[in-house]
Each structure stands twice: as C-alpha cells, then as structure tokens.
Amino acid sequence: MNTAFRHEIVHICKQTGARCGLLHTPSGTVPTPIFMPVGTQASVKTLAHDEIKEVSDNLILANTYHLWLQPGTEIVKQHGSVKEFMNWDGLMLTDSGGFQVFSLSSLRKITEAGVEFRHHLSGELLHLSPEESIAIQNDLGADIIMSFDECAPFFSDYEYMSASVERTIRWAKRGQETHKKPEKQALFGVVQGGPHLDLRRHCLEELMKMDFPGYALGGLSVGESKTEMYKVLQAMNPELPFDKPRYLMGVGSPDDILYGVLNGIDMFDCVLPTRIARHGSAMTTSGKVVIKNKEYEADMSPLDPECECHVCQTYTRSYLRHLFKAGEILGLRLISYHNLFFLKRLMHDIRQAIMDDRYGDFAASFMERFYKRTFHQKDGSTRSV
C-alpha cells in the first residue's frame, strides 16, 4: 500500500452529504472534488504550460495509449517522465490505455493474456496486456496510474458483462503484482459492470480485497442516458470505501459533475470543455454560448460578464466571433482557456458550498441558471432556487 498517498476528508455537507477533501501525494496536494483537464498527448490542446496552471487545480491527465504510440515510452524516459517531457511541475494521472483500445480499434481480439488490436491510424497489429499497461505507466511516471480493464459496451448482455468483470478483476491483480513504483505512483482499481449493480458491487468487493489506494468508476458516459449513469452513481456511493478517492472516468459536463459530487465522487476528467471550444461553444454562468452565431456579430459585452478569466476581461463576444469566422486559431485557444477556467471556478464554488453546508442550494441555483432546469436529489425530489 502507498502510505504516502491518502485522501483526507475535510468536510461533509450537512445539507446533502457531499464531501470535500485534500488528496495528498508524494509530489503534492490538491483539493477535492477536482476536475482534471485532459492532456491526451502530453498537451492540453492549444494551451501553453503557464495557461494550464491558470485553468487547473494542479492535476491533469495524460493518455497512455497515445503516448505509447507517439513519441513512445523510450523518448519520454529520456526526459525522465511525461511531466518533465512537457515541463509540467504539477500532478498527473495517466489512464491505462484500455478505453482507447476498445473505442478506437474496430479490429481487436480479447484474450486472457490481453488485447490484440490494430493501430487506429496505421493498421499495425499491436498487443497490450495488464502487465504492459502498468509497465508503460511506470515509465511515463505519473503520480496516479490506472489498472488495465475491459471497457465493455454499457448495454452488453449480462453473460458477457459478467465474464468481462471477472477478466477485469484478474487483470487488476496482475497489474498490481507488476507495479514497480507503488511508493511513488498510486495505482487505482477500476470498477466495471455496466448497468448491472450486482456486477458493479462484486467487482468493487474483489478490488477492495486488493486494497488499492483509490477506485475509479469506469464504463460510464459511453452512450447510456444520464438517468442510467446517475442510477449507478447513487448505488455505488455507499459501497465505495469512504477514505479512498473516487474517480468518475471521462465525465465532465457541469450537470454530471454536480450529480457526481452529490454521490461522493472526488475526481473528474473529460475532453468536453476543449472539444466544444474548438467548435465555438463556451460555458457561461447563464448557459452555453455558441459564439459563432450571428447574434454575437456586434455584441460588445464580455463572453461571460461574471467570469474573471483574462478572456472575459479582455475581449468582446463580437471579437471572439470574428476569430472563429476568420478561422483564426486564437479563437480556439481563447474559448478553450475560458471553458477550463469556468470548470475550475465551478469546482472551487462546489467545494466552498460543501464547506458552508449549502451544496444542495448551490447546485439548484447553478442548474437553474445554466440549464434552466431543476436539480434532482438522491431521493428523487428536486430543489428549486
């Protein structure tokens, strides 16, 4: 067990039971709940090092699959780690590569040994096993790494999902036995099972026997409805170890973050804020703004009058629209920066609301302003402003 890695629960909201805390690692401490910007290729798209600092809480994510293929682990090792490779002095989490294997390759063969698949661009035949995934992540040198798991389609039939869960459990054990740097890198177990709550509980029970320093919920936000995802979150909240960090993988829309926090989730990541930014969509306190729309052509107001980021303090909506219409890369950069800053601010406000025992009121107010809809509580009731 990594004794240098621990999650300190600082406060539990009296109104909702939501929690906030501090995630301590050998490389530093970050607050929870936390949103992690995604730096897939050792780069948060369009942003420079100092900008990543400004829009994150000092913890970002990089992708094992993509870095394994390009530039390759040997190049990264020559720099020391992926953090040194990109000159990032904050904390980092790497995923296992499993999701990309299952989502990017249509030609794959799953065996007990691992997965044989085709490179998503070149078509080259590749193989990835639990042992190889952990070895790659050891070489990448992130502070938090993930067990190699099978991310089966959410609506797989029960028989297949059951076999998949058993394989994920066995792979987790093999990866844990392979892990060479437990004192420096915290290895999380990944809970799978799709919509089948009995399989989710079984998977968690078996992973808990291995005493991982943290646990992730995988296989969500992969095509199921929000109602189906929230049902899993609500069911797993009382089952997950209280004193270990809980990571909801690949989820990062504001409503999903709010509901995840309500159900005990501590960590989130998603490409959503930068992906929608590249298409001209901005998150604001009054809802989504599609800055390319003609209605903003002569709009002299800030993107979000309540936002303190330098984009909103410097540029008009009219100018930002012009950048997109003119095909200027600066437009993508500015909206990407703003969207990540917006989520960083949201997480700060969430933590403060928890500390003030008013998280339910805060979430209801946010949902009303951003989505124009109510916030559903754990018991199915709603809160209005």
# chains A, B, ... in the order shown; residues from 1 in each chain; ligands from 1

$ residues_around --residues "range 183-185 of chain A" --least-positions-apart "2" --cutoff "9 Å" --atoms "only C-alpha atoms" --output "list in words"
Met1, Asn2, Thr3, Ala4, Phe5, Thr25, Pro26, Ser27, Asn138, Gly141, Ala142, Asp143, Ile144, Ile145, His179, Lys180, Lys181 and Leu187 of chain A

$ write_last_selection --atoms "N, CA and C atoms" --output "PDB file, in the first residue's frame"
ATOM      1  N   MET A   1       0.835  -1.202   0.000  1.00  0.00           N
ATOM      2  CA  MET A   1       0.000   0.000   0.000  1.00  0.00           C
ATOM      3  C   MET A   1       0.873   1.257   0.000  1.00  0.00           C
ATOM      4  N   ASN A   2       0.463   2.268  -0.751  1.00  0.00           N
ATOM      5  CA  ASN A   2       1.204   3.528  -0.829  1.00  0.00           C
ATOM      6  C   ASN A   2       0.808   4.402   0.351  1.00  0.00           C
ATOM      7  N   THR A   3       1.615   4.396   1.407  1.00  0.00           N
ATOM      8  CA  THR A   3       1.273   5.144   2.611  1.00  0.00           C
ATOM      9  C   THR A   3       1.458   6.644   2.439  1.00  0.00           C
ATOM     10  N   ALA A   4       2.228   7.054   1.406  1.00  0.00           N
ATOM     11  CA  ALA A   4       2.424   8.478   1.157  1.00  0.00           C
ATOM     12  C   ALA A   4       1.248   9.082   0.404  1.00  0.00           C
ATOM     13  N   PHE A   5       0.324   8.234  -0.033  1.00  0.00           N
ATOM     14  CA  PHE A   5      -0.836   8.680  -0.791  1.00  0.00           C
ATOM     15  C   PHE A   5      -2.084   8.480   0.070  1.00  0.00           C
ATOM     16  N   THR A  25      -0.277  13.420  -2.097  1.00  0.00           N
ATOM     17  CA  THR A  25       0.602  12.524  -2.830  1.00  0.00           C
ATOM     18  C   THR A  25       2.050  12.886  -2.499  1.00  0.00           C
ATOM     19  N   PRO A  26       3.005  12.021  -2.833  1.00  0.00           N
ATOM     20  CA  PRO A  26       4.417  12.364  -2.587  1.00  0.00           C
ATOM     21  C   PRO A  26       4.864  13.625  -3.329  1.00  0.00           C
ATOM     22  N   SER A  27       4.152  13.978  -4.411  1.00  0.00           N
ATOM     23  CA  SER A  27       4.542  15.139  -5.224  1.00  0.00           C
ATOM     24  C   SER A  27       3.754  16.406  -4.900  1.00  0.00           C
ATOM     25  N   ASN A 138       4.466   3.032 -15.536  1.00  0.00           N
ATOM     26  CA  ASN A 138       5.643   3.192 -14.676  1.00  0.00           C
ATOM     27  C   ASN A 138       6.681   4.058 -15.373  1.00  0.00           C
ATOM     28  N   GLY A 141       5.635   7.758 -15.581  1.00  0.00           N
ATOM     29  CA  GLY A 141       5.958   8.415 -14.317  1.00  0.00           C
ATOM     30  C   GLY A 141       4.905   9.330 -13.746  1.00  0.00           C
ATOM     31  N   ALA A 142       3.626   9.093 -14.065  1.00  0.00           N
ATOM     32  CA  ALA A 142       2.564   9.907 -13.475  1.00  0.00           C
ATOM     33  C   ALA A 142       2.406   9.599 -11.994  1.00  0.00           C
ATOM     34  N   ASP A 143       1.750  10.502 -11.270  1.00  0.00           N
ATOM     35  CA  ASP A 143       1.548  10.315  -9.831  1.00  0.00           C
ATOM     36  C   ASP A 143       0.449   9.306  -9.536  1.00  0.00           C
ATOM     37  N   ILE A 144      -0.545   9.243 -10.417  1.00  0.00           N
ATOM     38  CA  ILE A 144      -1.657   8.312 -10.280  1.00  0.00           C
ATOM     39  C   ILE A 144      -1.775   7.545 -11.589  1.00  0.00           C
ATOM     40  N   ILE A 145      -1.867   6.218 -11.506  1.00  0.00           N
ATOM     41  CA  ILE A 145      -1.992   5.392 -12.698  1.00  0.00           C
ATOM     42  C   ILE A 145      -3.196   4.472 -12.538  1.00  0.00           C
ATOM     43  N   HIS A 179       3.294  -3.785 -10.749  1.00  0.00           N
ATOM     44  CA  HIS A 179       3.582  -2.383 -10.420  1.00  0.00           C
ATOM     45  C   HIS A 179       4.921  -2.246  -9.697  1.00  0.00           C
ATOM     46  N   LYS A 180       5.859  -1.496 -10.300  1.00  0.00           N
ATOM     47  CA  LYS A 180       7.216  -1.391  -9.771  1.00  0.00           C
ATOM     48  C   LYS A 180       7.449  -0.176  -8.880  1.00  0.00           C
ATOM     49  N   LYS A 181       6.530   0.794  -8.882  1.00  0.00           N
ATOM     50  CA  LYS A 181       6.781   2.030  -8.148  1.00  0.00           C
ATOM     51  C   LYS A 181       5.617   2.395  -7.221  1.00  0.00           C
ATOM     52  N   LEU A 187      -1.727   3.335  -7.738  1.00  0.00           N
ATOM     53  CA  LEU A 187      -2.462   2.555  -8.727  1.00  0.00           C
ATOM     54  C   LEU A 187      -3.914   2.397  -8.290  1.00  0.00           C
TER      55      LEU A 187
END

$ residues_around --residues "range 91-105 of chain A" --least-positions-apart "4" --cutoff "7 Å" --atoms "only C-alpha atoms" --output "compact mmCIF listing (two decimals) with C-alpha atoms, in the first residue's frame"
# COMPACT_ATOMS: atom_id res chain seq x y z
CA SER A 27 4.54 15.14 -5.22
CA ASN A 58 -2.59 21.39 -10.46
CA LEU A 59 -3.71 17.90 -11.54
CA ILE A 60 -4.06 16.95 -15.22
CA LEU A 61 -4.46 13.74 -17.20
CA ALA A 62 -2.37 12.21 -19.98
CA ASN A 63 -3.17 9.23 -22.19
CA THR A 64 -1.13 6.05 -22.01
CA TYR A 65 -2.26 4.65 -25.38
CA PHE A 117 -5.72 -4.86 -31.94
CA ARG A 118 -4.93 -2.66 -34.91
CA HIS A 119 -3.31 0.78 -34.64
CA HIS A 120 -6.17 3.25 -35.16
CA SER A 133 -0.03 -1.18 -19.46
CA GLN A 137 2.67 3.87 -16.95
CA ALA A 142 2.56 9.91 -13.47
CA ASP A 143 1.55 10.32 -9.83
CA ILE A 144 -1.66 8.31 -10.28
CA ILE A 145 -1.99 5.39 -12.70
CA MET A 146 -4.89 3.14 -13.65
CA SER A 147 -5.43 -0.61 -13.78
CA PHE A 148 -5.90 -2.10 -17.25
CA ASP A 149 -9.55 -3.04 -17.60
CA GLU A 150 -12.02 -4.04 -20.26
CA CYS A 151 -14.40 -1.18 -21.01

$ select_by_dssp --residues "range 113-253 of chain A" --states "strand (DSSP E)" --output "VMD selection string"
chain A and resid 115 to 118 125 to 128 144 to 146 186 to 191 215 to 217 246 to 248

$ write_last_selection --atoms "N, CA and C atoms" --output "PDB file, in the first residue's frame"
ATOM      1  N   VAL A 115      -5.130  -7.764 -25.023  1.00  0.00           N
ATOM      2  CA  VAL A 115      -5.899  -7.392 -26.203  1.00  0.00           C
ATOM      3  C   VAL A 115      -4.963  -7.251 -27.395  1.00  0.00           C
ATOM      4  N   GLU A 116      -5.324  -7.903 -28.483  1.00  0.00           N
ATOM      5  CA  GLU A 116      -4.632  -7.747 -29.760  1.00  0.00           C
ATOM      6  C   GLU A 116      -5.502  -6.860 -30.635  1.00  0.00           C
ATOM      7  N   PHE A 117      -4.911  -5.834 -31.218  1.00  0.00           N
ATOM      8  CA  PHE A 117      -5.723  -4.856 -31.944  1.00  0.00           C
ATOM      9  C   PHE A 117      -4.899  -4.166 -33.016  1.00  0.00           C
ATOM     10  N   ARG A 118      -5.581  -3.404 -33.850  1.00  0.00           N
ATOM     11  CA  ARG A 118      -4.934  -2.657 -34.909  1.00  0.00           C
ATOM     12  C   ARG A 118      -4.744  -1.200 -34.513  1.00  0.00           C
ATOM     13  N   LEU A 125      -0.510  -4.209 -36.309  1.00  0.00           N
ATOM     14  CA  LEU A 125      -1.009  -5.121 -35.287  1.00  0.00           C
ATOM     15  C   LEU A 125      -0.249  -4.895 -33.983  1.00  0.00           C
ATOM     16  N   LEU A 126      -0.977  -4.656 -32.896  1.00  0.00           N
ATOM     17  CA  LEU A 126      -0.387  -4.346 -31.598  1.00  0.00           C
ATOM     18  C   LEU A 126      -0.982  -5.244 -30.524  1.00  0.00           C
ATOM     19  N   HIS A 127      -0.315  -5.306 -29.383  1.00  0.00           N
ATOM     20  CA  HIS A 127      -0.819  -6.092 -28.253  1.00  0.00           C
ATOM     21  C   HIS A 127      -0.604  -5.304 -26.976  1.00  0.00           C
ATOM     22  N   LEU A 128      -1.604  -5.308 -26.113  1.00  0.00           N
ATOM     23  CA  LEU A 128      -1.490  -4.639 -24.818  1.00  0.00           C
ATOM     24  C   LEU A 128      -2.066  -5.556 -23.744  1.00  0.00           C
ATOM     25  N   ILE A 144      -0.545   9.243 -10.417  1.00  0.00           N
ATOM     26  CA  ILE A 144      -1.657   8.312 -10.280  1.00  0.00           C
ATOM     27  C   ILE A 144      -1.775   7.545 -11.589  1.00  0.00           C
ATOM     28  N   ILE A 145      -1.867   6.218 -11.506  1.00  0.00           N
ATOM     29  CA  ILE A 145      -1.992   5.392 -12.698  1.00  0.00           C
ATOM     30  C   ILE A 145      -3.196   4.472 -12.538  1.00  0.00           C
ATOM     31  N   MET A 146      -3.643   3.904 -13.656  1.00  0.00           N
ATOM     32  CA  MET A 146      -4.892   3.145 -13.650  1.00  0.00           C
ATOM     33  C   MET A 146      -4.679   1.691 -14.034  1.00  0.00           C
ATOM     34  N   ALA A 186       0.407   5.973  -7.277  1.00  0.00           N
ATOM     35  CA  ALA A 186      -0.779   5.317  -6.726  1.00  0.00           C
ATOM     36  C   ALA A 186      -1.547   4.634  -7.854  1.00  0.00           C
ATOM     37  N   LEU A 187      -1.727   3.335  -7.738  1.00  0.00           N
ATOM     38  CA  LEU A 187      -2.462   2.555  -8.727  1.00  0.00           C
ATOM     39  C   LEU A 187      -3.914   2.397  -8.290  1.00  0.00           C
ATOM     40  N   PHE A 188      -4.838   2.891  -9.118  1.00  0.00           N
ATOM     41  CA  PHE A 188      -6.271   2.789  -8.828  1.00  0.00           C
ATOM     42  C   PHE A 188      -6.855   1.528  -9.467  1.00  0.00           C
ATOM     43  N   GLY A 189      -7.824   0.924  -8.779  1.00  0.00           N
ATOM     44  CA  GLY A 189      -8.631  -0.128  -9.375  1.00  0.00           C
ATOM     45  C   GLY A 189      -9.812   0.478 -10.105  1.00  0.00           C
ATOM     46  N   VAL A 190     -10.274  -0.203 -11.162  1.00  0.00           N
ATOM     47  CA  VAL A 190     -11.375   0.311 -11.976  1.00  0.00           C
ATOM     48  C   VAL A 190     -12.582  -0.608 -11.844  1.00  0.00           C
ATOM     49  N   VAL A 191     -13.702  -0.037 -11.393  1.00  0.00           N
ATOM     50  CA  VAL A 191     -14.934  -0.797 -11.176  1.00  0.00           C
ATOM     51  C   VAL A 191     -15.759  -0.794 -12.457  1.00  0.00           C
ATOM     52  N   TYR A 215     -10.179   4.260  -6.170  1.00  0.00           N
ATOM     53  CA  TYR A 215     -11.065   3.458  -7.012  1.00  0.00           C
ATOM     54  C   TYR A 215     -11.760   4.349  -8.037  1.00  0.00           C
ATOM     55  N   ALA A 216     -11.825   3.848  -9.264  1.00  0.00           N
ATOM     56  CA  ALA A 216     -12.476   4.577 -10.347  1.00  0.00           C
ATOM     57  C   ALA A 216     -13.723   3.831 -10.794  1.00  0.00           C
ATOM     58  N   LEU A 217     -14.722   4.585 -11.218  1.00  0.00           N
ATOM     59  CA  LEU A 217     -15.899   4.010 -11.856  1.00  0.00           C
ATOM     60  C   LEU A 217     -15.701   4.156 -13.355  1.00  0.00           C
ATOM     61  N   ARG A 246     -12.506   8.677  -5.019  1.00  0.00           N
ATOM     62  CA  ARG A 246     -13.378   8.057  -6.017  1.00  0.00           C
ATOM     63  C   ARG A 246     -13.298   8.876  -7.300  1.00  0.00           C
ATOM     64  N   TYR A 247     -12.992   8.224  -8.392  1.00  0.00           N
ATOM     65  CA  TYR A 247     -12.740   8.877  -9.674  1.00  0.00           C
ATOM     66  C   TYR A 247     -13.770   8.414 -10.694  1.00  0.00           C
ATOM     67  N   LEU A 248     -14.552   9.350 -11.236  1.00  0.00           N
ATOM     68  CA  LEU A 248     -15.522   9.056 -12.283  1.00  0.00           C
ATOM     69  C   LEU A 248     -14.870   9.357 -13.626  1.00  0.00           C
TER      70      LEU A 248
END

$ residues_around --residues "Asp57 in chain A" --least-positions-apart "4" --cutoff "9 Å" --atoms "only C-alpha atoms" --output "list in words"
Val30, Pro31, Ile34, Phe35, Met36, Lys53, Gly90 and Lys344 of chain A

$ write_last_selection --atoms "C-alpha atoms" --output "compact mmCIF listing (two decimals), in the first residue's frame"
# COMPACT_ATOMS: atom_id res chain seq x y z
CA VAL A 30 -4.69 19.00 -4.46
CA PRO A 31 -8.24 19.80 -3.32
CA ILE A 34 -11.42 18.26 -8.59
CA PHE A 35 -11.73 18.44 -12.38
CA MET A 36 -8.66 17.32 -14.34
CA LYS A 53 -1.51 26.26 -14.43
CA GLY A 90 2.14 19.74 -11.10
CA LYS A 344 -12.00 25.28 -12.29

$ atom_distance --atom1 "CA of Gly327 in chain A" --atom2 "CA of Gly280 in chain A"
10.9 Å

$ residues_around --residues "Arg201 in chain A" --least-positions-apart "6" --cutoff "12 Å" --atoms "only C-alpha atoms" --output "VMD selection string"
chain A and resid 162 165 190 to 195 207 to 208 217 232 to 233 235 to 241

$ closest_residue --among "A:Trp171, A:Phe370, A:Tyr230, A:Phe268" --to "Pro130 in chain A" --atoms "only C-alpha atoms"
A:Trp171

$ closest_residue --among "A:Leu107, A:Met367, A:Leu262, A:Met347" --to "Gly287 in chain A" --atoms "only C-alpha atoms"
A:Met367

$ atom_distance --atom1 "CA of Gly252 in chain A" --atom2 "CA of Leu272 in chain A"
6.6 Å

$ select_by_dssp --residues "range 95-337 of chain A" --states "helix (DSSP H, G or I)" --output "ChimeraX atom specification"
/A:98-104,130-140,158-178,197-209,226-236,254-262,272-277,294-296,310-314,317-325,329-337

$ closest_residue --among "A:Gln70, A:Gly28, A:Val290, A:Leu23" --to "Ala42 in chain A" --atoms "only C-alpha atoms"
A:Gln70

$ closest_residue --among "A:Cys312, A:Leu204, A:Val76, A:Leu340" --to "Ser253 in chain A" --atoms "only C-alpha atoms"
A:Leu340

$ closest_residue --among "A:Ala113, A:Ile12, A:Asp304, A:Cys270" --to "Ser221 in chain A" --atoms "only C-alpha atoms"
A:Cys270

$ closest_residue --among "A:Leu220, A:Ala172, A:Leu346, A:Leu121" --to "Thr285 in chain A" --atoms "only C-alpha atoms"
A:Leu346

$ residues_around --residues "Leu140 in chain A" --least-positions-apart "5" --cutoff "7 Å" --atoms "only C-alpha atoms" --output "MDAnalysis selection string"
chainID A and resid 73 76:77 81:82

$ residues_around --residues "Gly264 in chain A" --least-positions-apart "4" --cutoff "7 Å" --atoms "only C-alpha atoms" --output "number ranges by chain"
A: 18-19, 237, 260

$ write_last_selection --atoms "N, CA and C atoms" --output "PDB file, in the first residue's frame"
ATOM      1  N   ALA A  18     -22.574  15.619   0.577  1.00  0.00           N
ATOM      2  CA  ALA A  18     -21.444  15.761  -0.349  1.00  0.00           C
ATOM      3  C   ALA A  18     -20.175  16.029   0.445  1.00  0.00           C
ATOM      4  N   ARG A  19     -19.014  15.675  -0.106  1.00  0.00           N
ATOM      5  CA  ARG A  19     -17.769  15.746   0.639  1.00  0.00           C
ATOM      6  C   ARG A  19     -16.709  16.560  -0.099  1.00  0.00           C
ATOM      7  N   ASN A 237     -22.291   4.853  -4.345  1.00  0.00           N
ATOM      8  CA  ASN A 237     -21.822   5.811  -3.335  1.00  0.00           C
ATOM      9  C   ASN A 237     -21.628   5.170  -1.954  1.00  0.00           C
ATOM     10  N   GLY A 260     -22.419  13.940  -9.670  1.00  0.00           N
ATOM     11  CA  GLY A 260     -21.355  13.086  -9.171  1.00  0.00           C
ATOM     12  C   GLY A 260     -20.915  13.484  -7.777  1.00  0.00           C
TER      13      GLY A 260
END

$ decode --residues "range 141-178 of chain A" --atoms "N, CA and C atoms" --output "compact mmCIF listing (two decimals), in the first residue's frame"
# COMPACT_ATOMS: atom_id res chain seq x y z
N GLY A 141 5.63 7.76 -15.58
CA GLY A 141 5.96 8.41 -14.32
C GLY A 141 4.91 9.33 -13.75
N ALA A 142 3.63 9.09 -14.07
CA ALA A 142 2.56 9.91 -13.47
C ALA A 142 2.41 9.60 -11.99
N ASP A 143 1.75 10.50 -11.27
CA ASP A 143 1.55 10.32 -9.83
C ASP A 143 0.45 9.31 -9.54
N ILE A 144 -0.55 9.24 -10.42
CA ILE A 144 -1.66 8.31 -10.28
C ILE A 144 -1.78 7.54 -11.59
N ILE A 145 -1.87 6.22 -11.51
CA ILE A 145 -1.99 5.39 -12.70
C ILE A 145 -3.20 4.47 -12.54
N MET A 146 -3.64 3.90 -13.66
CA MET A 146 -4.89 3.14 -13.65
C MET A 146 -4.68 1.69 -14.03
N SER A 147 -5.44 0.81 -13.41
CA SER A 147 -5.43 -0.61 -13.78
C SER A 147 -5.97 -0.78 -15.20
N PHE A 148 -5.42 -1.77 -15.91
CA PHE A 148 -5.90 -2.10 -17.25
C PHE A 148 -7.18 -2.90 -17.11
N ASP A 149 -8.24 -2.43 -17.75
CA ASP A 149 -9.55 -3.04 -17.60
C ASP A 149 -10.20 -3.17 -18.96
N GLU A 150 -11.24 -3.98 -19.04
CA GLU A 150 -12.02 -4.04 -20.26
C GLU A 150 -13.21 -3.09 -20.13
N CYS A 151 -13.26 -2.10 -21.00
CA CYS A 151 -14.40 -1.18 -21.01
C CYS A 151 -15.45 -1.74 -21.96
N ALA A 152 -16.23 -2.68 -21.46
CA ALA A 152 -17.26 -3.31 -22.29
C ALA A 152 -18.39 -2.32 -22.57
N PRO A 153 -19.05 -2.43 -23.73
CA PRO A 153 -20.20 -1.56 -24.01
C PRO A 153 -21.22 -1.62 -22.88
N PHE A 154 -21.78 -0.46 -22.53
CA PHE A 154 -22.68 -0.36 -21.38
C PHE A 154 -23.83 -1.35 -21.48
N PHE A 155 -24.35 -1.58 -22.70
CA PHE A 155 -25.53 -2.42 -22.85
C PHE A 155 -25.19 -3.85 -23.28
N SER A 156 -23.96 -4.29 -22.98
CA SER A 156 -23.63 -5.70 -23.22
C SER A 156 -24.57 -6.59 -22.41
N ASP A 157 -24.85 -7.78 -22.95
CA ASP A 157 -25.75 -8.66 -22.21
C ASP A 157 -25.09 -9.13 -20.91
N TYR A 158 -25.90 -9.60 -20.00
CA TYR A 158 -25.43 -9.91 -18.64
C TYR A 158 -24.32 -10.96 -18.66
N GLU A 159 -24.48 -11.97 -19.50
CA GLU A 159 -23.48 -13.04 -19.54
C GLU A 159 -22.12 -12.50 -19.95
N TYR A 160 -22.11 -11.68 -21.01
CA TYR A 160 -20.83 -11.12 -21.44
C TYR A 160 -20.25 -10.18 -20.39
N MET A 161 -21.11 -9.30 -19.82
CA MET A 161 -20.62 -8.35 -18.83
C MET A 161 -20.06 -9.06 -17.60
N SER A 162 -20.68 -10.14 -17.21
CA SER A 162 -20.18 -10.90 -16.06
C SER A 162 -18.78 -11.45 -16.34
N ALA A 163 -18.59 -12.03 -17.53
CA ALA A 163 -17.27 -12.55 -17.90
C ALA A 163 -16.26 -11.42 -18.00
N SER A 164 -16.69 -10.28 -18.52
CA SER A 164 -15.81 -9.12 -18.65
C SER A 164 -15.36 -8.60 -17.30
N VAL A 165 -16.27 -8.55 -16.35
CA VAL A 165 -15.94 -8.10 -14.99
C VAL A 165 -14.92 -9.03 -14.35
N GLU A 166 -15.12 -10.33 -14.50
CA GLU A 166 -14.16 -11.29 -13.93
C GLU A 166 -12.78 -11.10 -14.55
N ARG A 167 -12.75 -10.82 -15.85
CA ARG A 167 -11.48 -10.59 -16.52
C ARG A 167 -10.83 -9.31 -16.01
N THR A 168 -11.62 -8.27 -15.85
CA THR A 168 -11.10 -7.00 -15.30
C THR A 168 -10.50 -7.21 -13.91
N ILE A 169 -11.15 -8.02 -13.09
CA ILE A 169 -10.64 -8.31 -11.73
C ILE A 169 -9.30 -9.03 -11.82
N ARG A 170 -9.22 -10.04 -12.69
CA ARG A 170 -7.97 -10.78 -12.81
C ARG A 170 -6.86 -9.87 -13.37
N TRP A 171 -7.20 -9.04 -14.33
CA TRP A 171 -6.23 -8.12 -14.90
C TRP A 171 -5.74 -7.12 -13.85
N ALA A 172 -6.65 -6.67 -12.99
CA ALA A 172 -6.26 -5.72 -11.93
C ALA A 172 -5.23 -6.35 -11.00
N LYS A 173 -5.44 -7.61 -10.65
CA LYS A 173 -4.49 -8.31 -9.78
C LYS A 173 -3.14 -8.45 -10.46
N ARG A 174 -3.14 -8.81 -11.74
CA ARG A 174 -1.88 -8.97 -12.47
C ARG A 174 -1.14 -7.64 -12.58
N GLY A 175 -1.90 -6.57 -12.83
CA GLY A 175 -1.27 -5.26 -12.92
C GLY A 175 -0.68 -4.82 -11.60
N GLN A 176 -1.41 -5.08 -10.51
CA GLN A 176 -0.91 -4.72 -9.19
C GLN A 176 0.38 -5.47 -8.87
N GLU A 177 0.46 -6.73 -9.24
CA GLU A 177 1.66 -7.53 -8.98
C GLU A 177 2.83 -7.07 -9.84
N THR A 178 2.54 -6.40 -10.95
CA THR A 178 3.58 -5.92 -11.86
C THR A 178 4.10 -4.54 -11.46
